Structures are given as C-alpha cells and as structure tokens.
file input-v7.cif (mmCIF, C-alpha atoms)
data_work
#
loop_
_atom_site.label_atom_id
_atom_site.label_comp_id
_atom_site.auth_asym_id
_atom_site.auth_seq_id
_atom_site.Cartn_x
_atom_site.Cartn_y
_atom_site.Cartn_z
CA MET A 1 94.83 86.43 35.02
CA THR A 2 91.96 88.50 36.31
CA PRO A 3 92.79 91.27 38.71
CA ASP A 4 91.87 90.79 42.31
CA THR A 5 88.72 92.29 43.63
CA ASP A 6 89.13 95.06 46.14
CA VAL A 7 88.31 92.71 49.00
CA GLU A 8 90.86 90.15 47.89
CA LEU A 9 93.47 92.83 47.33
CA VAL A 10 92.92 94.23 50.79
CA ARG A 11 93.11 90.77 52.31
CA ARG A 12 96.48 90.21 50.70
CA CYS A 13 97.68 93.63 51.77
CA LEU A 14 96.78 92.83 55.34
CA HIS A 15 99.13 89.85 55.07
CA ASP A 16 101.93 92.21 54.07
CA ASP A 17 102.07 91.03 50.50
CA PRO A 18 104.27 93.62 48.72
CA ALA A 19 102.84 92.76 45.31
CA ALA A 20 99.33 93.36 46.56
CA MET A 21 100.36 96.63 48.14
CA ARG A 22 101.87 97.77 44.91
CA ALA A 23 98.79 96.68 42.99
CA LEU A 24 96.54 98.62 45.31
CA VAL A 25 98.61 101.78 44.96
CA GLU A 26 98.69 101.47 41.20
CA ARG A 27 94.97 100.88 41.04
CA PHE A 28 94.08 104.12 42.76
CA GLN A 29 97.11 106.37 42.41
CA SER A 30 96.05 108.27 39.30
CA GLU A 31 92.65 109.09 40.67
CA VAL A 32 93.98 110.10 44.07
CA PHE A 33 96.71 112.14 42.48
CA GLY A 34 94.23 113.87 40.17
CA VAL A 35 91.99 114.85 43.05
CA CYS A 36 94.91 116.09 45.13
CA VAL A 37 96.36 118.15 42.30
CA ARG A 38 93.02 119.73 41.51
CA ILE A 39 92.25 120.57 45.12
CA LEU A 40 95.74 121.62 46.15
CA ARG A 41 96.58 123.20 42.76
CA HIS A 42 100.21 122.26 43.19
CA SER A 43 101.79 119.08 41.85
CA HIS A 44 104.63 118.79 44.37
CA ASP A 45 102.30 119.32 47.31
CA ALA A 46 100.00 116.77 45.73
CA GLU A 47 102.78 114.18 45.52
CA ASP A 48 103.51 114.55 49.21
CA VAL A 49 99.86 114.35 50.10
CA VAL A 50 99.26 111.30 47.91
CA GLN A 51 102.09 109.47 49.61
CA GLU A 52 100.60 110.40 52.97
CA VAL A 53 97.21 109.26 51.76
CA PHE A 54 98.46 105.79 50.93
CA VAL A 55 100.35 105.53 54.20
CA ARG A 56 97.12 106.28 56.00
CA VAL A 57 95.18 103.92 53.78
CA PHE A 58 97.44 101.02 54.74
CA ARG A 59 97.43 102.08 58.36
CA SER A 60 93.62 102.09 58.47
CA LEU A 61 93.04 99.17 56.16
CA ARG A 62 91.94 96.90 59.01
CA ARG A 63 89.12 99.32 59.76
CA TRP A 64 87.78 99.31 56.22
CA ASP A 65 84.35 97.75 55.98
CA PRO A 66 84.31 95.28 53.07
CA ALA A 67 80.59 95.96 52.70
CA ARG A 68 81.47 99.42 51.44
CA GLN A 69 83.28 100.37 48.27
CA LEU A 70 87.00 100.84 48.56
CA ARG A 71 87.37 103.67 46.04
CA PRO A 72 85.16 106.24 47.81
CA TRP A 73 86.79 105.29 51.09
CA ILE A 74 90.23 106.05 49.70
CA LEU A 75 88.99 109.22 48.03
CA GLY A 76 87.55 110.31 51.35
CA ILE A 77 90.95 109.93 52.96
CA ALA A 78 92.47 111.90 50.09
CA ILE A 79 89.92 114.69 50.50
CA ASN A 80 90.61 114.88 54.22
CA ARG A 81 94.36 114.99 53.71
CA CYS A 82 93.95 117.74 51.13
CA ARG A 83 91.87 119.77 53.57
CA THR A 84 94.53 119.32 56.22
CA ALA A 85 97.25 120.36 53.78
CA LEU A 86 95.26 123.43 52.78
CA ALA A 87 94.76 124.34 56.41
CA LYS A 88 98.50 123.99 57.04
CA ARG A 89 99.23 126.08 54.03
CA GLY A 90 97.04 128.73 55.59
CA ARG A 91 97.91 132.22 54.55
CA ARG A 92 101.14 131.19 52.90
CA PRO A 93 101.39 132.68 49.41
CA GLU A 94 99.77 130.21 47.12
CA THR A 95 101.57 129.07 44.03
CA VAL A 96 99.47 127.54 41.35
CA ASP A 97 101.36 125.01 39.34
CA TYR A 98 99.89 123.28 36.37
CA LEU A 99 103.13 122.39 34.61
CA HIS A 100 102.44 118.74 35.29
CA GLU A 101 99.38 118.78 33.10
CA THR A 102 99.67 117.31 29.68
CA ALA A 103 96.92 117.86 27.22
CA SER A 104 95.83 114.70 25.52
CA THR A 105 95.22 116.44 22.24
CA GLU A 106 96.32 119.82 21.00
CA PRO A 107 93.23 122.02 20.81
CA GLU A 108 92.57 123.58 17.45
CA ASP A 109 90.42 126.59 18.38
CA ASP A 110 89.66 128.45 21.56
CA SER A 111 89.30 125.17 23.43
CA ARG A 112 92.53 125.87 25.32
CA GLU A 113 91.09 129.10 26.59
CA LEU A 114 87.84 127.36 27.44
CA ALA A 115 89.61 124.71 29.51
CA ALA A 116 91.80 127.30 31.23
CA THR A 117 88.77 129.41 32.08
CA ILE A 118 87.00 126.42 33.57
CA ARG A 119 90.13 125.65 35.59
CA LEU A 120 90.25 129.16 36.99
CA ALA A 121 86.53 129.19 37.66
CA VAL A 122 86.79 125.90 39.56
CA ASP A 123 89.75 127.19 41.51
CA ASP A 124 87.68 130.16 42.64
CA LEU A 125 84.88 127.98 43.89
CA ARG A 126 84.24 127.37 47.53
CA PRO A 127 86.37 124.41 48.70
CA ASP A 128 83.44 122.03 49.16
CA TYR A 129 81.96 123.04 45.77
CA ARG A 130 85.37 122.52 44.21
CA GLU A 131 85.73 119.05 45.72
CA VAL A 132 82.35 118.02 44.40
CA PHE A 133 82.97 119.47 40.94
CA VAL A 134 86.39 117.80 40.64
CA LEU A 135 85.13 114.44 41.85
CA PHE A 136 82.16 114.50 39.48
CA HIS A 137 83.43 116.13 36.29
CA GLU A 138 87.11 115.26 36.40
CA CYS A 139 87.14 111.97 38.25
CA GLY A 140 83.81 110.72 36.98
CA ARG A 141 82.54 109.67 40.39
CA SER A 142 78.84 109.18 41.00
CA TYR A 143 76.76 111.14 43.48
CA GLU A 144 76.73 108.19 45.84
CA GLU A 145 80.49 107.76 45.74
CA ILE A 146 81.02 111.47 46.32
CA SER A 147 78.54 111.33 49.16
CA THR A 148 80.53 108.54 50.75
CA ALA A 149 83.87 110.24 50.17
CA ILE A 150 82.82 113.61 51.52
CA ASP A 151 80.47 112.18 54.12
CA ARG A 152 77.53 114.34 53.11
CA PRO A 153 74.03 113.36 51.94
CA VAL A 154 73.45 112.89 48.26
CA GLY A 155 71.01 115.80 48.25
CA THR A 156 73.71 118.10 49.56
CA ILE A 157 76.10 116.87 46.90
CA LYS A 158 73.54 117.60 44.17
CA THR A 159 72.92 121.08 45.52
CA TRP A 160 76.61 121.87 45.74
CA LEU A 161 77.27 120.55 42.27
CA HIS A 162 74.37 122.56 40.84
CA ARG A 163 75.69 125.75 42.40
CA ALA A 164 79.22 124.97 41.28
CA ARG A 165 78.09 124.47 37.69
CA THR A 166 76.04 127.65 37.77
CA GLU A 167 79.06 129.66 38.91
CA VAL A 168 81.33 128.12 36.30
CA MET A 169 78.83 128.68 33.49
CA GLU A 170 78.37 132.27 34.61
CA ARG A 171 82.13 132.70 34.42
CA LEU A 172 82.16 131.29 30.91
CA ARG A 173 79.41 133.68 29.84
CA ARG A 174 81.26 136.68 31.25
CA ARG A 175 84.40 135.65 29.38
CA GLY A 176 82.45 135.38 26.13
CA LEU A 177 83.08 131.65 25.86
CA VAL A 178 79.47 130.70 25.36
CA PRO A 179 78.81 130.94 21.66
CA ALA A 180 75.25 130.83 20.47
CA ASP A 181 74.36 127.45 19.10
CA ARG A 182 73.77 127.63 15.34
CA THR A 183 72.43 124.15 14.96
CA GLU A 184 68.85 125.03 15.73
CA MET B 1 56.36 130.94 27.24
CA ASN B 2 55.47 129.03 30.34
CA ARG B 3 57.47 129.04 33.54
CA SER B 4 56.96 125.34 34.01
CA ASP B 5 58.53 124.80 30.57
CA CYS B 6 61.65 126.62 31.78
CA ASP B 7 61.79 124.44 34.88
CA ALA B 8 61.38 121.34 32.82
CA TYR B 9 64.12 122.48 30.44
CA ALA B 10 66.45 123.22 33.37
CA GLU B 11 65.95 119.62 34.44
CA ILE B 12 67.01 118.49 30.99
CA VAL B 13 70.12 120.68 31.13
CA HIS B 14 71.22 119.21 34.43
CA ALA B 15 70.48 115.71 33.21
CA VAL B 16 72.84 116.39 30.31
CA LEU B 17 75.49 117.77 32.63
CA ASP B 18 75.06 114.75 34.87
CA GLY B 19 75.70 112.56 31.86
CA ASP B 20 72.28 110.96 32.08
CA ARG B 21 71.20 112.35 28.70
CA PRO B 22 73.18 113.14 25.55
CA VAL B 23 74.09 116.69 24.58
CA GLU B 24 71.64 116.49 21.72
CA ALA B 25 68.84 116.61 24.26
CA LEU B 26 69.60 120.29 24.69
CA ALA B 27 68.12 120.99 21.29
CA SER B 28 64.57 121.89 22.13
CA PRO B 29 61.91 124.13 20.55
CA HIS B 30 61.62 125.81 23.91
CA THR B 31 64.98 127.53 23.44
CA VAL B 32 63.73 129.27 20.30
CA ASP B 33 61.27 131.30 22.27
CA CYS B 34 63.06 131.51 25.64
CA ASP B 35 66.26 133.54 25.65
CA ASP B 36 67.22 132.53 29.20
CA CYS B 37 66.94 128.85 28.44
CA ARG B 38 68.87 129.30 25.21
CA VAL B 39 71.74 130.94 27.11
CA LEU B 40 71.56 128.15 29.66
CA ALA B 41 71.76 125.55 26.95
CA ASP B 42 74.74 127.26 25.29
CA SER B 43 76.50 127.49 28.64
CA ALA B 44 75.88 123.82 29.30
CA ARG B 45 77.34 122.92 25.91
CA SER B 46 80.46 124.97 26.63
CA LEU B 47 80.85 123.42 30.06
CA THR B 48 80.46 119.92 28.72
CA LYS B 49 82.97 120.56 25.99
CA GLY B 50 85.38 122.24 28.39
CA CYS B 51 85.20 119.39 30.89
CA ASP B 52 86.06 116.94 28.15
CA LEU B 53 89.09 119.06 27.32
CA LEU B 54 90.38 119.25 30.84
CA SER B 55 93.73 117.58 30.85
CA ARG B 56 94.20 114.74 33.23
CA SER B 57 96.91 114.93 35.82
CA THR B 58 99.45 112.23 35.33
CA THR B 59 100.95 110.43 38.25
CA PRO B 60 104.74 110.74 38.49
CA ARG B 61 106.63 107.87 36.96
CA ASP B 62 107.34 104.99 39.37
CA PHE B 63 105.22 106.58 41.99
CA ALA B 64 104.16 103.20 43.37
CA ALA B 65 107.74 101.99 43.50
CA ASP B 66 108.69 105.09 45.45
CA VAL B 67 105.82 105.04 47.87
CA ILE B 68 105.77 101.33 48.71
CA PRO B 69 109.09 101.39 50.69
CA ALA B 70 107.80 104.33 52.70
CA ILE B 71 104.59 102.45 53.43
CA ILE B 72 106.44 99.29 54.44
CA ALA B 73 108.78 101.28 56.68
CA GLU B 74 105.84 102.99 58.29
CA ARG B 75 104.11 99.69 58.90
CA ARG B 76 107.26 98.24 60.46
CA ARG B 77 107.57 101.30 62.65
CA GLU B 78 103.96 100.99 63.69
CA ARG B 79 104.32 97.29 64.40
CA PHE B 80 107.49 97.88 66.44
CA PHE B 81 105.76 100.62 68.39
CA ARG B 82 102.77 98.39 69.03
CA ARG B 83 104.96 95.52 70.25
CA THR B 84 107.03 97.86 72.37
CA MET B 85 103.93 99.27 73.97
CA ALA B 86 102.55 95.80 74.58
CA THR B 87 105.82 94.67 76.17
CA ALA B 88 106.00 97.78 78.29
CA ALA B 89 102.42 97.32 79.40
CA LEU B 90 103.10 93.68 80.31
CA ALA B 91 106.24 94.62 82.24
CA ALA B 92 104.39 97.36 84.07
CA SER B 93 101.62 94.93 84.99
CA VAL B 94 104.10 92.38 86.33
CA PHE B 95 105.92 95.05 88.27
CA ALA B 96 102.69 96.34 89.74
CA ALA B 97 101.63 92.83 90.71
CA ILE B 98 104.95 92.18 92.42
CA ALA B 99 104.81 95.52 94.16
CA LEU B 100 101.36 94.72 95.49
CA TRP B 101 102.18 91.14 96.45
CA TYR B 102 105.59 91.61 98.10
CA PRO B 103 104.55 93.36 101.35
CA THR B 104 101.73 90.87 101.93
CA ARG B 105 103.99 87.81 102.25
CA PRO B 106 103.68 86.19 105.75
CA ASN B 107 107.37 86.56 106.61
CA ASP B 108 107.44 90.12 105.41
CA ARG B 109 104.24 90.88 107.21
CA ALA B 110 105.91 89.85 110.51
CA VAL B 111 108.81 92.08 109.73
CA THR B 112 106.68 94.83 108.41
CA HIS B 113 104.13 94.84 111.18
CA ARG B 114 106.47 94.24 114.15
CA GLU B 115 105.53 96.34 117.09
CA PRO B 116 108.07 98.99 117.88
CA ALA B 117 110.32 98.15 120.85
CA LEU B 118 109.45 99.79 124.09
CA GLU B 119 111.89 102.41 125.01
CA PRO B 120 113.13 102.70 128.65
CA ASN B 121 111.00 104.99 130.64
CA HIS B 122 113.14 107.92 131.50
CA VAL B 123 111.05 109.76 134.11
CA LYS B 124 112.67 112.61 135.88
CA PRO B 125 112.53 112.50 139.67
CA PRO B 126 110.31 115.25 141.01
CA ALA B 127 111.99 118.35 142.29
CA VAL B 128 112.01 119.05 146.01
CA GLU B 129 110.17 122.33 145.53
CA ASP B 130 107.42 120.60 143.57
CA SER B 131 107.06 117.89 146.19
CA LEU B 132 106.78 120.43 148.96
CA ARG B 133 104.26 122.50 147.00
CA GLU B 134 102.18 119.42 146.40
CA ALA B 135 102.32 118.32 150.02
CA GLY B 136 101.33 121.80 151.15
CA THR B 137 98.36 121.87 148.84
CA ALA B 138 97.21 118.48 150.13
CA PHE B 139 97.62 119.54 153.74
CA VAL B 140 95.63 122.72 153.16
CA SER B 141 92.81 120.87 151.47
CA LEU B 142 92.65 118.34 154.32
CA THR B 143 92.64 120.91 157.15
CA LYS B 144 90.67 123.62 155.42
CA ARG B 145 87.26 122.42 156.57
CA THR B 146 88.29 122.01 160.19
CA ALA B 147 89.94 125.41 160.24
CA ILE B 148 86.90 127.13 158.75
CA GLU B 149 84.52 125.46 161.20
CA THR B 150 86.73 126.43 164.06
CA LEU B 151 87.34 130.04 163.13
CA THR B 152 83.94 131.04 161.77
CA PRO B 153 82.16 131.33 165.19
CA ALA B 154 85.02 133.38 166.51
CA ARG B 155 84.93 135.67 163.49
CA ASN B 156 81.17 136.20 163.91
CA LEU B 157 81.60 136.71 167.56
CA LEU B 158 84.26 139.32 167.17
CA ALA B 159 82.19 141.16 164.54
CA GLY B 160 79.00 141.29 166.73
CA ILE B 161 80.26 142.44 170.10
CA GLU B 162 81.80 145.52 171.49
CA LEU B 163 85.09 144.54 172.77
CA SER B 164 85.06 147.37 175.24
CA ASP B 165 81.83 145.97 176.81
CA ALA B 166 82.63 142.34 176.53
CA ILE B 167 85.99 142.49 178.04
CA PRO B 168 85.75 143.21 181.70
CA GLU B 169 88.00 145.71 183.11
CA ILE B 170 90.79 144.12 184.71
CA ASP B 171 92.53 145.76 187.45
CA PRO B 172 96.15 145.68 187.23
CA PRO B 173 97.51 143.09 189.46
CA ARG B 174 98.37 144.25 192.80
CA PRO B 175 100.81 142.68 195.00
CA ASP B 176 98.32 142.46 197.82
CA GLY B 177 95.26 141.43 195.79
CA PRO B 178 94.00 138.05 194.51
CA PRO B 179 96.20 135.98 192.24
CA VAL B 180 96.57 137.25 188.68
CA ALA B 181 95.41 134.09 187.03
CA SER B 182 92.09 133.75 188.89
CA PRO B 183 89.77 135.92 186.68
CA ILE B 184 90.81 134.22 183.46
CA ALA B 185 91.21 130.74 184.78
CA PRO B 186 88.05 129.29 183.03
CA ILE B 187 89.19 130.34 179.62
CA ALA B 188 92.67 129.19 180.01
CA ASN B 189 91.84 125.49 179.54
CA THR B 190 91.12 125.20 175.88
CA ALA B 191 90.13 127.61 173.22
CA ARG B 192 87.00 125.71 172.42
CA ARG B 193 85.75 125.77 175.94
CA ALA B 194 86.41 129.48 176.22
CA ILE B 195 84.50 130.27 173.10
CA ASN B 196 81.53 128.16 174.21
CA LEU B 197 81.44 129.91 177.50
CA PHE B 198 81.67 133.20 175.80
CA ILE B 199 78.76 132.40 173.54
CA ARG B 200 76.64 131.22 176.41
CA ASP B 201 77.36 134.36 178.36
CA VAL B 202 76.68 136.68 175.53
CA GLY B 203 73.69 134.72 174.15
CA GLY B 204 74.04 136.01 170.61
CA LEU B 205 75.17 132.81 169.01
CA ALA B 206 74.06 129.25 169.51
CA PRO B 207 76.73 126.61 169.72
CA SER B 208 77.11 124.19 166.88
CA PRO B 209 74.64 121.33 167.58
CA GLN B 210 76.66 118.46 166.11
CA ARG B 211 79.80 119.47 167.79
CA LYS B 212 80.65 117.74 170.97
CA SER B 213 82.15 119.89 173.56
#
call {"tool": "encode", "arguments": {"input": "input-v7.cif", "output": "structure tokens"}}
result
Amino acid sequence: MTPDTDVELVRRCLHDDPAAMRALVERFQSEVFGVCVRILRHSHDAEDVVQEVFVRVFRSLRRWDPARQLRPWILGIAINRCRTALAKRGRRPETVDYLHETASTEPEDDSRELAATIRLAVDDLRPDYREVFVLFHECGRSYEEISTAIDRPVGTIKTWLHRARTEVMERLRRRGLVPADRTE
Amino acid sequence: MNRSDCDAYAEIVHAVLDGDRPVEALASPHTVDCDDCRVLADSARSLTKGCDLLSRSTTPRDFAADVIPAIIAERRRERFFRRTMATAALAASVFAAIALWYPTRPNDRAVTHREPALEPNHVKPPAVEDSLREAGTAFVSLTKRTAIETLTPARNLLAGIELSDAIPEIDPPRPDGPPVASPIAPIANTARRAINLFIRDVGGLAPSPQRKS
C-alpha cells in the first residue's frame, strides 16, 4: 500500500480521520523535533514545542494551500513556535541539554570533538543564521524550502548560510580542527 | 596567483558545501599555490565531515500516540467554541430583532404613543392686592393723557407769571361793601373756563386749538 500524498493525507485529516492524523504526525515528527531541539537546545522544551506545533498545524490545516509543499509549511510553523519559545525564555538561565542525542556510530578519532565544536559554533550563531544552518545541514532542506519556511528570499538564505558556514569554519580553525589535507 | 582564480575556487568550495559537487572537487592545483584557498578547502572538508557526524535527534518513543489525543481534544474544544459562538450570535440576533420589532407593533404603538392625559387646571384665584394694583395701573394709563393735557397749560402758566402781579389785590370783605363772591364770580364756574379767561387776559399762551371750550 503506497503512502498517501500530502494532499490526500491532509484531506483525510480534515475529515477527522485519526489514522490520517497519526500518519501525518509520524511523517514529520522527527524533522520537526530535530529542528526544535537544535534551535531550542533543550529536549524537554522541544517536546512541548513540537506538540504545540502539531496542534497549530491541525488548527490551521484548512488554510494550507495545496499548491504549496506541506513540509516547508510545517517547518515554518515549527520555526515560529521556536522563536516564540525563545522569546518567552528570555533572560532565564539557559540550560543546554544534549542528553537526548545518540550518535549513530562511535567515532574513532577526534570526530567527537569535531562534531561538538560544530555544535557549539552553531549554537553561538545569530538565531536566523542558526535556523538556516540547521535546516540546510542537519535537516537537508533545500534553499527553496528554507525560503518558504522562514519566509525570506532565496538570496537572503544563501547569504545567511554563507556567513554561518564562514563563522563555523573559522571556529574550527581556531580550535585546531582543520588538519592540512595530505592527499594533494 | 590570480584573484579571479580564488573567487572561482570559493565558488567550488560552496558548491561542495551545498552538496552540488563531491568533496573530491576541492582537490585543485590552485590550492598548491594559494595558502588562503588551501585553508578554505581544509576547513570545508572538516565542516563536511563534522556535519555528517552530527547525531540526529530522536523523537521520543510513542510521541505520535501521545500527541494525537491532545490534538483531538483541542479540535473538539475549538469546534465546541465555534458552535457556542455561532449559537450565541444567532440568539443575540434573534433577541435584537425582537427588541427592535416589539415596540413597533400596532397595538403597542397605540399604547406606547398614547397622549398623556390632561391634568385639571389648577389656577390660583388672583389676590385682591394684585387685582387692585392691576386696576390702578389700567386707570392711570387711561386717564394719564387727559390729565397731562389738562394740567400742562396751568403748569406753564404758573411758571411764566408773577403771582403777585397777576392776582389782583383783594380787599378784605367789608360788611358794607359789595358781595364777597362778585370779583371771582367768572372763574367760579369751571376750571377750564377760568384758565381760558386767564390766558386771554394775560396773552402769553394761546389756547389749545382742537379743544372745544
């Protein structure tokens, strides 16, 4: 049985089909959760925000334009909810929690340090740079999808991503994590 | 080393980071001569490798099963709220329509627009003092003109003559003389006639032409 297209899934959800609602959540939950964790840097906050994201998704589902892609639309809601959560958090002491992360493979060399340094560098980025970097490098979204999700032109997304990469690579160089390539 | 070569190589680096070109594209003769581009290439390799190593966040187990009841409850709440609001709006509309229609019914209009009953006219009788004052004022206004026309010649006469010259000396009545009333007999008839005679004798004032004597 082939999975429903996004349009068909939404149509069933609008008829209050619980199976369709569950399918929609399962289709996008990992991506939404990943974005929320990376932007909020806290897994429990991310869980609350993801639940709120899906509540809002189903509340606004009638206003979704089937001519547009569903994934960037949902990611846009997730980004907005993360911004709101960060604004509410305000000056509250920030607790960074990465205990939820599970490495797929155990690194053999200084790869662990490399990944951790990239994490810290991304966390120190400006919020809009961080959103773009996470959506592109960790969620694998295209420029166009990010543009739709963040509601900014593609050119702006490219500029932000370029600056974000430059800052991260500079951080890696300062930490001595850029070995000279010996292959040439 | 040419600056345009560096720009072109930077384009290659970003194409690799975008995933449009493989990492092997970073190997270029340009990096042998250009230290900056070699550092850039090494940084891009580290970033690419590091991004591949970034662990993925895993969604909590049974997240969908946990979130679906909350979503359904929220949708029910929203639907209930929407229906409640619609019912309330309908009820308010009906109430407003009744409120606007009720006073305009014909029977109610008669009741509503009935003229107020006339109350008995309780007018106080005028006081005696007020009646007298009013009668006096009316009497004065009616007789004022006649009185002024009558007294004005006399007032002018009295102001313009010497009483000592005008009034003849009158001898005290004597028992053996003429009768007392004879010198003043002409002016004893009426006041008007006396004044006219007086004016004619003195000649200072003409008598009123429209007045009949």
call {"tool": "interface_residues", "arguments": {"input": "input-v7.cif", "of": "chain B", "to": "chain A", "cutoff": "10 Å", "atoms": "all atoms listed in the file", "output": "PDB file with C-alpha atoms, in the frame of the given file"}}
result
ATOM      1  CA  HIS B  14      71.220 119.210  34.430  1.00  0.00           C
ATOM      2  CA  LEU B  17      75.490 117.770  32.630  1.00  0.00           C
ATOM      3  CA  ASP B  18      75.060 114.750  34.870  1.00  0.00           C
ATOM      4  CA  GLY B  19      75.700 112.560  31.860  1.00  0.00           C
ATOM      5  CA  ALA B  27      68.120 120.990  21.290  1.00  0.00           C
ATOM      6  CA  SER B  28      64.570 121.890  22.130  1.00  0.00           C
ATOM      7  CA  PRO B  29      61.910 124.130  20.550  1.00  0.00           C
ATOM      8  CA  THR B  31      64.980 127.530  23.440  1.00  0.00           C
ATOM      9  CA  VAL B  32      63.730 129.270  20.300  1.00  0.00           C
ATOM     10  CA  ARG B  38      68.870 129.300  25.210  1.00  0.00           C
ATOM     11  CA  VAL B  39      71.740 130.940  27.110  1.00  0.00           C
ATOM     12  CA  LEU B  40      71.560 128.150  29.660  1.00  0.00           C
ATOM     13  CA  ALA B  41      71.760 125.550  26.950  1.00  0.00           C
ATOM     14  CA  ASP B  42      74.740 127.260  25.290  1.00  0.00           C
ATOM     15  CA  SER B  43      76.500 127.490  28.640  1.00  0.00           C
ATOM     16  CA  ALA B  44      75.880 123.820  29.300  1.00  0.00           C
ATOM     17  CA  ARG B  45      77.340 122.920  25.910  1.00  0.00           C
ATOM     18  CA  SER B  46      80.460 124.970  26.630  1.00  0.00           C
ATOM     19  CA  LEU B  47      80.850 123.420  30.060  1.00  0.00           C
ATOM     20  CA  THR B  48      80.460 119.920  28.720  1.00  0.00           C
ATOM     21  CA  LYS B  49      82.970 120.560  25.990  1.00  0.00           C
ATOM     22  CA  GLY B  50      85.380 122.240  28.390  1.00  0.00           C
ATOM     23  CA  CYS B  51      85.200 119.390  30.890  1.00  0.00           C
ATOM     24  CA  ASP B  52      86.060 116.940  28.150  1.00  0.00           C
ATOM     25  CA  LEU B  53      89.090 119.060  27.320  1.00  0.00           C
ATOM     26  CA  LEU B  54      90.380 119.250  30.840  1.00  0.00           C
ATOM     27  CA  SER B  55      93.730 117.580  30.850  1.00  0.00           C
ATOM     28  CA  ARG B  56      94.200 114.740  33.230  1.00  0.00           C
ATOM     29  CA  SER B  57      96.910 114.930  35.820  1.00  0.00           C
ATOM     30  CA  THR B  58      99.450 112.230  35.330  1.00  0.00           C
ATOM     31  CA  THR B  59     100.950 110.430  38.250  1.00  0.00           C
ATOM     32  CA  PRO B  60     104.740 110.740  38.490  1.00  0.00           C
ATOM     33  CA  ASP B  62     107.340 104.990  39.370  1.00  0.00           C
ATOM     34  CA  PHE B  63     105.220 106.580  41.990  1.00  0.00           C
ATOM     35  CA  ALA B  64     104.160 103.200  43.370  1.00  0.00           C
ATOM     36  CA  ALA B  65     107.740 101.990  43.500  1.00  0.00           C
ATOM     37  CA  ASP B  66     108.690 105.090  45.450  1.00  0.00           C
ATOM     38  CA  VAL B  67     105.820 105.040  47.870  1.00  0.00           C
ATOM     39  CA  ILE B  68     105.770 101.330  48.710  1.00  0.00           C
ATOM     40  CA  PRO B  69     109.090 101.390  50.690  1.00  0.00           C
ATOM     41  CA  ALA B  70     107.800 104.330  52.700  1.00  0.00           C
ATOM     42  CA  ILE B  71     104.590 102.450  53.430  1.00  0.00           C
ATOM     43  CA  ILE B  72     106.440  99.290  54.440  1.00  0.00           C
ATOM     44  CA  ALA B  73     108.780 101.280  56.680  1.00  0.00           C
ATOM     45  CA  GLU B  74     105.840 102.990  58.290  1.00  0.00           C
ATOM     46  CA  ARG B  75     104.110  99.690  58.900  1.00  0.00           C
ATOM     47  CA  GLU B  78     103.960 100.990  63.690  1.00  0.00           C
TER      48      GLU B  78
END
call {"tool": "atom_distance", "arguments": {"input": "input-v7.cif", "atom1": "atom CA of B:Arg82", "atom2": "atom CA of B:Phe95"}}
result
19.8 Å
call {"tool": "atom_distance", "arguments": {"input": "input-v7.cif", "atom1": "atom CA of A:Phe133", "atom2": "atom CA of A:Ala164"}}
result
6.7 Å
call {"tool": "resolve_selection", "arguments": {"input": "input-v7.cif", "expression": "the PyMOL selection byres ((chain A and resi 69) around 12)", "output": "PyMOL selection string"}}
result
chain A and resi 5-7+10+64-68+70-76+144-149
call {"tool": "atom_distance", "arguments": {"input": "input-v7.cif", "atom1": "atom CA of A:Asp128", "atom2": "atom CA of A:Asn80"}}
result
11.3 Å
call {"tool": "closest_residue", "arguments": {"input": "input-v7.cif", "among": "A:Phe28, A:Ser60, A:Leu9, A:Thr84", "to": "A:Leu40", "atoms": "all atoms listed in the file"}}
result
A:Thr84
call {"tool": "decode", "arguments": {"input": "input-v7.cif", "residues": "stretch 33-85 of chain B", "atoms": "C-alpha atoms", "output": "short mmCIF file (atom, residue, chain, number, x, y, z; two decimals), in the first residue's frame"}}
result
data_model
loop_
_atom_site.label_atom_id
_atom_site.label_comp_id
_atom_site.auth_asym_id
_atom_site.auth_seq_id
_atom_site.Cartn_x
_atom_site.Cartn_y
_atom_site.Cartn_z
CA ASP B 33 50.00 27.94 -4.72
CA CYS B 34 47.30 29.74 -2.71
CA ASP B 35 47.55 29.34 1.06
CA ASP B 36 44.21 31.04 1.73
CA CYS B 37 42.34 28.76 -0.61
CA ARG B 38 44.10 25.73 0.83
CA VAL B 39 42.96 26.69 4.34
CA LEU B 40 39.48 27.27 2.98
CA ALA B 41 39.45 23.86 1.38
CA ASP B 42 40.66 22.16 4.57
CA SER B 43 38.00 23.98 6.58
CA ALA B 44 35.33 22.90 4.12
CA ARG B 45 36.45 19.29 4.42
CA SER B 46 36.28 19.46 8.22
CA LEU B 47 32.85 21.06 8.12
CA THR B 48 31.52 18.49 5.71
CA LYS B 49 32.87 15.67 7.79
CA GLY B 50 31.59 17.22 11.00
CA CYS B 51 28.10 17.73 9.61
CA ASP B 52 27.97 14.08 8.62
CA LEU B 53 28.89 13.18 12.19
CA LEU B 54 26.26 15.32 13.80
CA SER B 55 23.97 13.00 15.66
CA ARG B 56 20.34 13.13 14.79
CA SER B 57 17.83 13.94 17.45
CA THR B 58 15.47 11.10 18.01
CA THR B 59 11.83 11.71 18.63
CA PRO B 60 10.57 10.35 21.96
CA ARG B 61 9.00 6.94 21.75
CA ASP B 62 5.24 6.97 21.06
CA PHE B 63 5.31 10.65 20.51
CA ALA B 64 2.51 10.46 17.95
CA ALA B 65 0.38 8.36 20.27
CA ASP B 66 0.85 10.93 22.99
CA VAL B 67 0.21 13.98 20.89
CA ILE B 68 -2.81 12.77 18.93
CA PRO B 69 -5.22 12.80 21.95
CA ALA B 70 -4.13 16.33 22.75
CA ILE B 71 -4.76 17.36 19.16
CA ILE B 72 -8.18 15.70 19.08
CA ALA B 73 -9.13 17.32 22.39
CA GLU B 74 -8.03 20.69 21.10
CA ARG B 75 -10.04 20.25 17.92
CA ARG B 76 -13.12 19.29 19.93
CA ARG B 77 -12.62 22.31 22.14
CA GLU B 78 -12.26 24.53 19.11
CA ARG B 79 -15.34 23.04 17.48
CA PHE B 80 -17.37 23.44 20.67
CA PHE B 81 -16.22 27.03 20.99
CA ARG B 82 -17.11 27.72 17.37
CA ARG B 83 -20.59 26.21 17.76
CA THR B 84 -21.13 28.04 21.02
CA MET B 85 -20.18 31.31 19.43
#
